[in-house]
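Please read the structure below before turning to the comments.
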Amino acid sequence: IFCAKKSLTITGSYKLTLQLAGVNITNAHGGAAIDIQCGKRIAVELVDGTVNTLMDSSLGDQKAAFYFKGHPEFKGEGTLNVTGNLKHAISAKEYIELKKSTGTINVLGAVSDGIHCGKGENNYEHNFFEMKGGTINIANVGSDCIDADDYGTIRIYDGELSLNVGDE
């Protein structure tokens with residue numbers, strides 16, 4: 001599936017599973033490539049053997065190319081390539097978790113953070129990034145590679161990280 005100048009927005013109040021199986025979404029007109037506004041747990045499955053590419057525009061007011069109002073849990077042996085041309089590449093208002101079965105997430109670039117999560121509230125239980133497996137490659141970011149907001153925690157249990165931090 002190729003969606004040029006398009007985006008995917010999901011609203012509602014229920015948990016969901018989003019399977020990415022070879023999508024290529026570039027939102028050239030402002031807004032996230034994928035914007036999930038459910039505020040719940042979102043299981044993101046990177047289907048085995050597929051490459052998925054998401055990119056937002058430098059126009060608009062989106063927080064990221066791949067944005068979650070809730071908390072995403074990544075799994076599946078596929079590959080996800082994300083570029084954030086306005087702010088973050090991937091951002092969640094709550095926690096982000098990579099399960100043991102997660103494949104590869106490549107942040108190819110971001111004006112701000114590569115991966116950003118949390119609400120910025122002290123003692124908020126959902127301010128964390130947790131990696132239990134998979135591979136993350138982050139390069140060409142203008143700020144942090146991984147940011148769990150001001151009061152958050154980054155937990156790395158397993159997996160591989162390649163973080164290319166600039167001169168700053």
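We label chains A, B, ... in the order they appear in the structure tokens, count residues from 1 in each chain, and number ligands from 1 in the order shown.
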
Residues of chain A in strand (DSSP E), written as a PyMOL selection string:
chain A and resi 2-4+8-10+16-20+24-26+34-36+41-46+51-55+64-68+71-75+79-84+88-92+96-98+104-110+115-117+128-131+135-138+146-147+153-156+160-163

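The two atoms in question, CA of Lys100 (chain A) and CA of Gly152 (chain A), are spaced 21.4 Å apart.
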
When you look at region 35-42 of chain A with a cut-off of 9 Å (counting only C-alpha atoms), what residues show up, excluding the ones that are within fewer than 5 positions of it in the same chain? I need them as a PyMOL selection string.
chain A and resi 7-18+62+64-74+93-94

Using only C-alpha atoms, can you tell me which of A:Leu80, A:Val111, A:Met55, A:Leu86 comes closest to Asn137 (chain A)?
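Ranking A:Leu80, A:Val111, A:Met55, A:Leu86 by distance to Asn137 (chain A), first place goes to A:Leu80.
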
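Atom to atom, CA of Val141 (chain A) and CA of Val165 (chain A) stand 7.4 Å apart.
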
Residues within 7 Å of region 112-120 of chain A, only C-alpha atoms, excluding chain neighbours under 3 positions, as number ranges by chain:
A: 87-96, 107, 109, 126-129, 138, 141-152

Restricted to N, CA and C atoms, what would the selected residues look like written as a PDB file, in the first residue's frame?
```pdb
ATOM      1  N   LYS A  87       8.767  17.388  13.952  1.00  0.00           N
ATOM      2  CA  LYS A  87       9.172  17.275  15.351  1.00  0.00           C
ATOM      3  C   LYS A  87       9.779  15.897  15.588  1.00  0.00           C
ATOM      4  N   HIS A  88       9.055  15.010  16.285  1.00  0.00           N
ATOM      5  CA  HIS A  88       9.567  13.676  16.604  1.00  0.00           C
ATOM      6  C   HIS A  88       9.262  12.697  15.471  1.00  0.00           C
ATOM      7  N   ALA A  89      10.001  11.591  15.432  1.00  0.00           N
ATOM      8  CA  ALA A  89       9.674  10.512  14.496  1.00  0.00           C
ATOM      9  C   ALA A  89       8.516   9.697  15.078  1.00  0.00           C
ATOM     10  N   ILE A  90       8.671   9.186  16.316  1.00  0.00           N
ATOM     11  CA  ILE A  90       7.637   8.408  17.011  1.00  0.00           C
ATOM     12  C   ILE A  90       7.386   9.082  18.355  1.00  0.00           C
ATOM     13  N   SER A  91       6.110   9.278  18.694  1.00  0.00           N
ATOM     14  CA  SER A  91       5.789   9.898  19.973  1.00  0.00           C
ATOM     15  C   SER A  91       4.519   9.288  20.542  1.00  0.00           C
ATOM     16  N   ALA A  92       4.514   9.083  21.861  1.00  0.00           N
ATOM     17  CA  ALA A  92       3.339   8.575  22.560  1.00  0.00           C
ATOM     18  C   ALA A  92       3.110   9.414  23.807  1.00  0.00           C
ATOM     19  N   LYS A  93       1.852   9.672  24.101  1.00  0.00           N
ATOM     20  CA  LYS A  93       1.515  10.472  25.277  1.00  0.00           C
ATOM     21  C   LYS A  93       1.747   9.689  26.565  1.00  0.00           C
ATOM     22  N   GLU A  94       1.839   8.372  26.446  1.00  0.00           N
ATOM     23  CA  GLU A  94       2.123   7.529  27.607  1.00  0.00           C
ATOM     24  C   GLU A  94       3.387   6.726  27.317  1.00  0.00           C
ATOM     25  N   TYR A  95       3.467   5.476  27.760  1.00  0.00           N
ATOM     26  CA  TYR A  95       4.687   4.691  27.579  1.00  0.00           C
ATOM     27  C   TYR A  95       4.772   4.081  26.190  1.00  0.00           C
ATOM     28  N   ILE A  96       5.989   3.659  25.834  1.00  0.00           N
ATOM     29  CA  ILE A  96       6.247   2.893  24.618  1.00  0.00           C
ATOM     30  C   ILE A  96       6.969   1.629  25.045  1.00  0.00           C
ATOM     31  N   VAL A 107      14.787   4.927  12.941  1.00  0.00           N
ATOM     32  CA  VAL A 107      14.448   6.342  12.870  1.00  0.00           C
ATOM     33  C   VAL A 107      15.493   6.942  11.938  1.00  0.00           C
ATOM     34  N   GLY A 109      15.453   9.988  10.697  1.00  0.00           N
ATOM     35  CA  GLY A 109      15.682  11.392  10.982  1.00  0.00           C
ATOM     36  C   GLY A 109      14.523  11.981  11.740  1.00  0.00           C
ATOM     37  N   HIS A 126       2.869   6.099  33.757  1.00  0.00           N
ATOM     38  CA  HIS A 126       3.028   5.720  32.359  1.00  0.00           C
ATOM     39  C   HIS A 126       4.113   6.518  31.634  1.00  0.00           C
ATOM     40  N   ASN A 127       5.038   7.125  32.343  1.00  0.00           N
ATOM     41  CA  ASN A 127       6.149   7.865  31.734  1.00  0.00           C
ATOM     42  C   ASN A 127       7.358   6.942  31.611  1.00  0.00           C
ATOM     43  N   PHE A 128       7.379   6.068  30.605  1.00  0.00           N
ATOM     44  CA  PHE A 128       8.571   5.249  30.435  1.00  0.00           C
ATOM     45  C   PHE A 128       8.683   4.701  29.017  1.00  0.00           C
ATOM     46  N   PHE A 129       9.911   4.366  28.667  1.00  0.00           N
ATOM     47  CA  PHE A 129      10.238   3.637  27.453  1.00  0.00           C
ATOM     48  C   PHE A 129      10.816   2.316  27.923  1.00  0.00           C
ATOM     49  N   ILE A 138      18.806   4.717  15.416  1.00  0.00           N
ATOM     50  CA  ILE A 138      18.371   6.118  15.371  1.00  0.00           C
ATOM     51  C   ILE A 138      19.540   6.979  14.909  1.00  0.00           C
ATOM     52  N   VAL A 141      18.949  12.999  14.266  1.00  0.00           N
ATOM     53  CA  VAL A 141      17.939  13.653  15.093  1.00  0.00           C
ATOM     54  C   VAL A 141      18.494  14.967  15.643  1.00  0.00           C
ATOM     55  N   GLY A 142      17.593  15.928  15.834  1.00  0.00           N
ATOM     56  CA  GLY A 142      18.001  17.235  16.311  1.00  0.00           C
ATOM     57  C   GLY A 142      18.082  17.350  17.814  1.00  0.00           C
ATOM     58  N   SER A 143      17.542  16.358  18.540  1.00  0.00           N
ATOM     59  CA  SER A 143      17.560  16.402  20.003  1.00  0.00           C
ATOM     60  C   SER A 143      17.926  15.015  20.521  1.00  0.00           C
ATOM     61  N   ASP A 144      17.116  14.455  21.412  1.00  0.00           N
ATOM     62  CA  ASP A 144      17.419  13.159  22.021  1.00  0.00           C
ATOM     63  C   ASP A 144      17.098  12.008  21.076  1.00  0.00           C
ATOM     64  N   CYS A 145      17.867  10.941  21.172  1.00  0.00           N
ATOM     65  CA  CYS A 145      17.532   9.732  20.423  1.00  0.00           C
ATOM     66  C   CYS A 145      16.270   9.110  21.021  1.00  0.00           C
ATOM     67  N   ILE A 146      16.270   8.888  22.347  1.00  0.00           N
ATOM     68  CA  ILE A 146      15.104   8.368  23.062  1.00  0.00           C
ATOM     69  C   ILE A 146      14.871   9.272  24.266  1.00  0.00           C
ATOM     70  N   ASP A 147      13.641   9.772  24.418  1.00  0.00           N
ATOM     71  CA  ASP A 147      13.311  10.689  25.501  1.00  0.00           C
ATOM     72  C   ASP A 147      12.040  10.211  26.196  1.00  0.00           C
ATOM     73  N   ALA A 148      12.147   9.933  27.492  1.00  0.00           N
ATOM     74  CA  ALA A 148      10.984   9.520  28.287  1.00  0.00           C
ATOM     75  C   ALA A 148      10.447  10.700  29.087  1.00  0.00           C
ATOM     76  N   ASP A 149      10.491  11.870  28.519  1.00  0.00           N
ATOM     77  CA  ASP A 149       9.991  13.119  29.090  1.00  0.00           C
ATOM     78  C   ASP A 149      10.760  13.490  30.354  1.00  0.00           C
ATOM     79  N   ASP A 150      10.395  14.561  30.977  1.00  0.00           N
ATOM     80  CA  ASP A 150      11.153  15.086  32.110  1.00  0.00           C
ATOM     81  C   ASP A 150      11.183  14.162  33.320  1.00  0.00           C
ATOM     82  N   TYR A 151      10.100  13.433  33.557  1.00  0.00           N
ATOM     83  CA  TYR A 151      10.007  12.616  34.766  1.00  0.00           C
ATOM     84  C   TYR A 151      10.009  11.125  34.474  1.00  0.00           C
ATOM     85  N   GLY A 152      10.333  10.725  33.273  1.00  0.00           N
ATOM     86  CA  GLY A 152      10.208   9.336  32.870  1.00  0.00           C
ATOM     87  C   GLY A 152      11.451   8.501  33.093  1.00  0.00           C
TER      88      GLY A 152
END
```

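The space separating CA of Leu46 (chain A) from CA of Thr153 (chain A) comes to 24.7 Å.
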
Can you tell me, as a PyMOL selection string, what residues are no more than 12 Å from Gly78 (chain A) when counting only C-alpha atoms, ignoring any on the same chain fewer than 2 positions away?
chain A and resi 19-23+44-53+74-76+80-81+101-106+134-135

Long-range neighbours of Gly30 (chain A) as a VMD selection string, 10 Å cut-off, only C-alpha atoms, 2 positions minimum in chain:
chain A and resid 5 to 7 26 to 28 32 to 33 56 to 62 65 85 to 86

With all heavy atoms retained, write the just-selected residues as a short mmCIF file (atom, residue, chain, number, x, y, z; two decimals), in the first residue's frame.
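Output file selection-v9.cif is given in full below:
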```
data_model
loop_
_atom_site.label_atom_id
_atom_site.label_comp_id
_atom_site.auth_asym_id
_atom_site.auth_seq_id
_atom_site.Cartn_x
_atom_site.Cartn_y
_atom_site.Cartn_z
N LYS A 5 0.73 11.75 0.07
CA LYS A 5 -0.07 12.91 0.46
C LYS A 5 -1.30 12.50 1.27
O LYS A 5 -2.32 13.14 1.23
CB LYS A 5 -0.49 13.71 -0.76
CG LYS A 5 0.68 14.17 -1.60
CD LYS A 5 0.21 14.88 -2.83
CE LYS A 5 1.39 15.19 -3.72
NZ LYS A 5 1.00 15.76 -4.97
N LYS A 6 -1.20 11.43 2.00
CA LYS A 6 -2.32 10.92 2.79
C LYS A 6 -1.86 10.64 4.21
O LYS A 6 -0.69 10.76 4.55
CB LYS A 6 -2.85 9.61 2.19
CG LYS A 6 -3.25 9.69 0.75
CD LYS A 6 -4.61 10.26 0.60
CE LYS A 6 -4.98 10.20 -0.88
NZ LYS A 6 -6.12 10.88 -1.23
N SER A 7 -2.81 10.23 5.04
CA SER A 7 -2.48 9.83 6.41
C SER A 7 -3.56 8.87 6.89
O SER A 7 -4.60 8.71 6.26
CB SER A 7 -2.41 11.05 7.32
OG SER A 7 -3.69 11.65 7.44
N THR A 26 3.30 8.73 3.31
CA THR A 26 3.94 10.04 3.38
C THR A 26 2.85 11.08 3.42
O THR A 26 2.07 11.19 2.47
CB THR A 26 4.85 10.28 2.17
OG1 THR A 26 5.87 9.29 2.16
CG2 THR A 26 5.48 11.66 2.23
N ASN A 27 2.77 11.84 4.50
CA ASN A 27 1.79 12.90 4.60
C ASN A 27 2.50 14.21 4.26
O ASN A 27 3.19 14.79 5.08
CB ASN A 27 1.19 12.97 6.00
CG ASN A 27 0.07 13.98 6.10
OD1 ASN A 27 -0.08 14.84 5.24
ND2 ASN A 27 -0.72 13.88 7.14
N ALA A 28 2.34 14.67 3.04
CA ALA A 28 3.06 15.85 2.57
C ALA A 28 2.31 17.15 2.83
O ALA A 28 2.83 18.22 2.55
CB ALA A 28 3.32 15.71 1.07
N ALA A 32 0.45 13.98 11.00
CA ALA A 32 1.19 12.72 11.15
C ALA A 32 0.88 11.79 9.98
O ALA A 32 -0.18 11.88 9.37
CB ALA A 32 0.80 12.05 12.46
N ALA A 33 1.79 10.88 9.70
CA ALA A 33 1.51 9.82 8.73
C ALA A 33 0.46 8.89 9.33
O ALA A 33 -0.53 8.55 8.67
CB ALA A 33 2.77 9.06 8.37
N ASP A 56 6.20 12.24 7.91
CA ASP A 56 5.29 13.38 7.96
C ASP A 56 5.88 14.54 7.17
O ASP A 56 6.95 14.43 6.57
CB ASP A 56 4.97 13.78 9.40
CG ASP A 56 6.17 14.33 10.16
OD1 ASP A 56 7.30 14.29 9.63
OD2 ASP A 56 5.99 14.80 11.29
N SER A 57 5.17 15.65 7.20
CA SER A 57 5.58 16.85 6.49
C SER A 57 6.23 17.82 7.45
O SER A 57 6.09 17.70 8.67
CB SER A 57 4.33 17.50 5.88
OG SER A 57 4.59 18.79 5.44
N SER A 58 6.92 18.81 6.92
CA SER A 58 7.45 19.88 7.77
C SER A 58 6.38 20.94 8.01
O SER A 58 6.63 21.95 8.67
CB SER A 58 8.69 20.51 7.12
OG SER A 58 8.35 21.07 5.87
N LEU A 59 5.17 20.71 7.52
CA LEU A 59 4.03 21.60 7.72
C LEU A 59 3.11 21.05 8.79
O LEU A 59 3.08 19.85 9.02
CB LEU A 59 3.23 21.74 6.41
CG LEU A 59 4.01 22.14 5.17
CD1 LEU A 59 3.13 22.01 3.95
CD2 LEU A 59 4.53 23.56 5.32
N GLY A 60 2.32 21.89 9.43
CA GLY A 60 1.32 21.43 10.38
C GLY A 60 1.72 21.63 11.82
O GLY A 60 2.65 22.38 12.13
N ASP A 61 1.00 20.94 12.71
CA ASP A 61 1.28 21.06 14.14
C ASP A 61 1.37 19.69 14.81
O ASP A 61 1.21 19.57 16.01
CB ASP A 61 0.22 21.93 14.82
CG ASP A 61 -1.18 21.36 14.70
OD1 ASP A 61 -1.37 20.29 14.07
OD2 ASP A 61 -2.11 21.99 15.24
N GLN A 62 1.62 18.64 14.04
CA GLN A 62 1.71 17.28 14.58
C GLN A 62 2.91 17.14 15.50
O GLN A 62 3.90 17.85 15.36
CB GLN A 62 1.78 16.25 13.45
CG GLN A 62 3.04 16.28 12.61
CD GLN A 62 2.99 17.25 11.45
OE1 GLN A 62 2.13 18.11 11.37
NE2 GLN A 62 3.95 17.14 10.54
N ALA A 65 5.65 11.85 13.25
CA ALA A 65 5.21 11.15 12.05
C ALA A 65 4.31 9.97 12.43
O ALA A 65 3.35 9.67 11.73
CB ALA A 65 6.41 10.67 11.25
N ASN A 85 9.68 15.00 10.05
CA ASN A 85 10.16 16.24 9.42
C ASN A 85 9.74 17.51 10.13
O ASN A 85 10.23 18.59 9.80
CB ASN A 85 9.67 16.30 7.96
CG ASN A 85 10.42 15.31 7.11
OD1 ASN A 85 11.63 15.25 7.13
ND2 ASN A 85 9.69 14.51 6.35
N LEU A 86 8.81 17.42 11.11
CA LEU A 86 8.41 18.62 11.86
C LEU A 86 8.90 18.56 13.30
O LEU A 86 9.41 19.54 13.83
CB LEU A 86 6.89 18.81 11.84
CG LEU A 86 6.43 20.08 12.56
CD1 LEU A 86 6.83 21.31 11.76
CD2 LEU A 86 4.93 20.07 12.78
#
```

Contact residues around Ile156 (chain A) with only C-alpha atoms at 7 Å, ignoring same-chain residues under 4 positions, as an NGL selection string:
:A and (130-132)

Which residue of A:Ala110, A:Ala43, A:Glu97, A:Ala139 approaches Asp158 (chain A) most closely, using only C-alpha atoms
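The answer is A:Glu97, which sits nearest to Asp158 (chain A).
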